[in-house]
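> Provided herewith: data-v2.pdb, PDB, C-alpha atoms and all ligand atoms.
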```pdb
ATOM      1  CA  MET A 885      34.066  51.548 172.510
ATOM      2  CA  ARG A 886      33.978  54.533 170.210
ATOM      3  CA  PRO A 887      34.768  57.896 171.717
ATOM      4  CA  VAL A 888      31.805  60.185 172.259
ATOM      5  CA  PRO A 889      31.756  62.800 169.492
ATOM      6  CA  VAL A 890      32.579  66.262 170.755
ATOM      7  CA  PRO A 891      30.331  69.004 169.355
ATOM      8  CA  THR A 892      32.382  71.458 167.414
ATOM      9  CA  THR A 893      31.377  75.045 166.799
ATOM     10  CA  LEU A 894      34.444  76.313 164.915
ATOM     11  CA  GLY A 895      35.031  78.587 167.891
ATOM     12  CA  LEU A 896      32.251  80.834 166.658
ATOM     13  CA  GLY A 897      30.960  81.895 170.039
ATOM     14  CA  ASN A 898      31.591  85.567 169.358
ATOM     15  CA  SER A 899      28.303  86.646 167.830
ATOM     16  CA  GLN A 900      29.674  89.694 166.010
ATOM     17  CA  TYR A 901      32.286  87.599 164.262
ATOM     18  CA  ARG A 902      29.690  84.943 163.563
ATOM     19  CA  ASP A 903      27.334  87.463 161.944
ATOM     20  CA  ARG A 904      30.105  88.842 159.766
ATOM     21  CA  LEU A 905      31.119  85.380 158.603
ATOM     22  CA  LEU A 906      27.517  84.487 157.805
ATOM     23  CA  ALA A 907      27.105  87.733 155.855
ATOM     24  CA  ARG A 908      30.287  86.958 153.908
ATOM     25  CA  LEU A 909      29.109  83.432 153.187
ATOM     26  CA  MET A 910      25.711  84.563 151.932
ATOM     27  CA  ASP A 911      27.345  87.309 149.901
ATOM     28  CA  GLY A 912      29.207  84.698 147.853
ATOM     29  CA  VAL A 913      26.141  82.550 147.290
ATOM     30  CA  GLU A 914      23.907  82.495 144.265
ATOM     31  CA  ARG A 915      20.590  80.782 144.818
ATOM     32  CA  ASP A 916      19.570  78.396 142.076
ATOM     33  CA  ARG A 917      15.816  78.742 141.898
ATOM     34  CA  ARG A 918      15.252  75.397 140.209
ATOM     35  CA  SER A 919      17.342  73.175 142.440
ATOM     36  CA  GLY A 920      17.231  75.305 145.571
ATOM     37  CA  CYS A 921      21.012  75.024 145.730
ATOM     38  CA  TRP A 922      22.993  77.856 147.275
ATOM     39  CA  MET A 923      25.908  77.967 144.878
ATOM     40  CA  TRP A 924      29.089  79.396 146.320
ATOM     41  CA  ASN A 925      30.803  81.241 143.501
ATOM     42  CA  ARG A 926      34.099  82.089 145.158
ATOM     43  CA  SER A 927      36.990  79.783 146.028
ATOM     44  CA  ALA A 928      37.033  76.004 146.007
ATOM     45  CA  ASP A 929      39.499  73.332 147.047
ATOM     46  CA  THR A 930      41.170  70.855 144.694
ATOM     47  CA  ALA A 931      38.312  68.393 145.189
ATOM     48  CA  GLY A 932      35.822  71.034 144.053
ATOM     49  CA  ASN A 933      34.339  71.761 147.469
ATOM     50  CA  ALA A 934      33.461  75.387 148.141
ATOM     51  CA  THR A 935      35.830  77.019 150.584
ATOM     52  CA  VAL A 936      35.499  80.163 152.628
ATOM     53  CA  PHE A 937      38.433  81.880 154.276
ATOM     54  CA  PHE A 938      38.296  82.573 157.937
ATOM     55  CA  ARG A 939      40.949  82.897 160.580
ATOM     56  CA  ASN A 940      43.531  82.914 157.776
ATOM     57  CA  ARG A 941      42.695  79.482 156.443
ATOM     58  CA  PRO A 942      40.381  78.141 153.762
ATOM     59  CA  ARG A 943      37.559  76.149 155.358
ATOM     60  CA  VAL A 944      35.068  73.844 153.729
ATOM     61  CA  ALA A 945      32.181  76.228 153.155
ATOM     62  CA  HIS A 946      29.258  73.816 153.478
ATOM     63  CA  TRP A 947      30.630  72.747 156.810
ATOM     64  CA  VAL A 948      30.805  76.377 157.915
ATOM     65  CA  ALA A 949      27.233  76.897 156.675
ATOM     66  CA  TRP A 950      26.070  73.941 158.724
ATOM     67  CA  VAL A 951      27.661  75.241 161.920
ATOM     68  CA  LEU A 952      26.356  78.770 161.342
ATOM     69  CA  LEU A 953      22.817  77.836 160.374
ATOM     70  CA  VAL A 954      22.119  74.437 161.906
ATOM     71  CA  GLY A 955      24.371  74.010 164.902
ATOM     72  CA  PRO A 956      27.426  72.252 166.250
ATOM     73  CA  MET A 957      28.681  69.300 164.282
ATOM     74  CA  PRO A 958      29.931  66.175 165.996
ATOM     75  CA  ALA A 959      33.698  65.859 165.634
ATOM     76  CA  GLY A 960      34.664  63.485 162.876
ATOM     77  CA  ALA A 961      31.206  63.631 161.310
ATOM     78  CA  ARG A 962      30.938  64.202 157.607
ATOM     79  CA  LEU A 963      28.198  65.899 155.648
ATOM     80  CA  ASP A 964      26.499  64.363 152.655
ATOM     81  CA  ARG A 965      24.636  66.368 150.053
ATOM     82  CA  THR A 966      21.090  65.468 149.150
ATOM     83  CA  CYS A 967      21.000  67.538 145.956
ATOM     84  CA  HIS A 968      23.106  65.078 143.939
ATOM     85  CA  THR A 969      21.380  63.386 141.048
ATOM     86  CA  ALA A 970      22.027  60.023 139.433
ATOM     87  CA  ALA A 971      24.278  61.704 136.874
ATOM     88  CA  CYS A 972      26.595  62.934 139.621
ATOM     89  CA  ALA A 973      27.676  59.416 140.540
ATOM     90  CA  THR A 974      29.412  58.986 137.202
ATOM     91  CA  ARG A 975      31.412  62.191 137.538
ATOM     92  CA  ARG A 976      34.548  62.820 139.495
ATOM     93  CA  THR A 977      33.184  66.169 140.506
ATOM     94  CA  CYS A 978      29.927  68.057 140.114
ATOM     95  CA  ARG A 979      28.469  71.496 140.624
ATOM     96  CA  HIS A 980      26.746  70.462 143.852
ATOM     97  CA  LEU A 981      30.110  70.489 145.595
ATOM     98  CA  ARG A 982      29.620  74.243 145.615
ATOM     99  CA  CYS A 983      26.197  74.029 147.239
ATOM    100  CA  VAL A 984      26.178  75.280 150.827
ATOM    101  CA  ASN A 985      22.418  75.151 151.465
ATOM    102  CA  PRO A 986      22.122  73.449 154.863
ATOM    103  CA  GLN A 987      18.777  72.024 153.771
ATOM    104  CA  HIS A 988      20.703  70.061 151.147
ATOM    105  CA  LEU A 989      23.100  68.679 153.749
ATOM    106  CA  THR A 990      22.731  65.719 156.021
ATOM    107  CA  ILE A 991      24.934  63.909 158.504
ATOM    108  CA  PRO A 992      24.826  60.279 157.372
ATOM    109  CA  ALA A 993      23.818  57.825 160.063
ATOM    110  CA  THR A 994      26.718  55.773 161.399
ATOM    111  CA  ASN A 995      26.359  52.480 163.184
TER     112      ASN A 995
HETATM  113 ZN    ZN B   1      22.144  71.784 146.745
HETATM  114 ZN    ZN B   2      26.149  66.363 142.430
END
```
For this file, produce the structure as structure tokens.

Amino acid sequence: MRPVPVPTTLGLGNSQYRDRLLARLMDGVERDRRSGCWMWNRSADTAGNATVFFRNRPRVAHWVAWVLLVGPMPAGARLDRTCHTAACATRRTCRHLRCVNPQHLTIPATN
């Protein structure tokens, strides 16, 4: 039997810290009016995923956005982006990896 996923909140219970992190995240975002993408224009990891620093470590920014704006994420869950296009599949990386719009993110169903 699979273990029950534990909701994870990044330890962001402290609302003041949470607000500051959200402000910092949104400060680094440029909204693409055509696609609706929220493009993070600061740091990224080697895979091209947007990263935001908090508690002295780079964190995957779209994951942080999800926790801040949607809610806890089940442990071990991954987030897929819905803003990819057919052209993205043929590329090793694409600009959407910098998108942190939670409305462009989805937790894929696992069975
Ligand atoms: Zn997007
Ligand atoms: Zn893409």
> So which residues touch stretch 930-945 of chain A within 12 Å, counting only C-alpha atoms, skipping near sequence neighbours fewer than 4 positions away, as a VMD selection string?
chain A and resid 894 to 896 901 to 902 904 to 913 922 to 926 949 to 953 962 to 965 975 to 986 989
> Between atom CA of A:Thr892 and atom CA of A:Pro956, measure the distance and give it in Å to one decimal.
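Interatomic distance here is 5.2 Å.
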> What does the structure give for the distance between atom CA of A:Pro992 and atom CA of A:Arg918, in Å to one decimal?
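Separation of atom CA of A:Pro992 and atom CA of A:Arg918: 24.8 Å.
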> Taking all atoms of stretch 962-967 of chain A that appear in the file, build a box with edges along x, y and z, extend it by 6 Å on every side, and state its centre and edge lengths in Å to one decimal, as lines of an AutoDock Vina configuration file.

```
center_x = 26.0
center_y = 65.9
center_z = 151.8
size_x = 21.9
size_y = 15.3
size_z = 23.7
```
> Rounded to one decimal in Å, what is the spacing between atom CA of A:Ala959 and atom CA of A:Thr893?
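Computing the Euclidean distance for atom CA of A:Ala959 and atom CA of A:Thr893 yields 9.5 Å.
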> May I ask which of the residues A:Gln900, A:Ser927, A:Thr969, A:Thr974 is the closest one to ligand ZN 1 (chain B), counting only C-alpha atoms and all ligand atoms?
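Closest to ligand ZN 1 (chain B), using only C-alpha atoms and all ligand atoms: A:Thr969.
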> Which of these, A:Asp903, A:Cys967, A:Ala961, A:Ala973, has the shortest distance to A:Gly920 once you count only C-alpha atoms?
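Closest to A:Gly920, using only C-alpha atoms: A:Cys967.
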> Determine the nearest neighbour of ligand ZN 1 (chain B) from the options A:Glu914, A:Trp947, A:Ser919, A:Ser899, counting all atoms listed in the file.
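Of A:Glu914, A:Trp947, A:Ser919, A:Ser899, the one nearest ligand ZN 1 (chain B), counting all atoms listed in the file, is A:Ser919.
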> Go through A:Thr966, A:Val948, A:Gly955, A:Ile991 and flag the residue nearest ligand ZN 1 (chain B), using all atoms listed in the file for the distances.
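Ranked by minimum distance to ligand ZN 1 (chain B), first place goes to A:Thr966.
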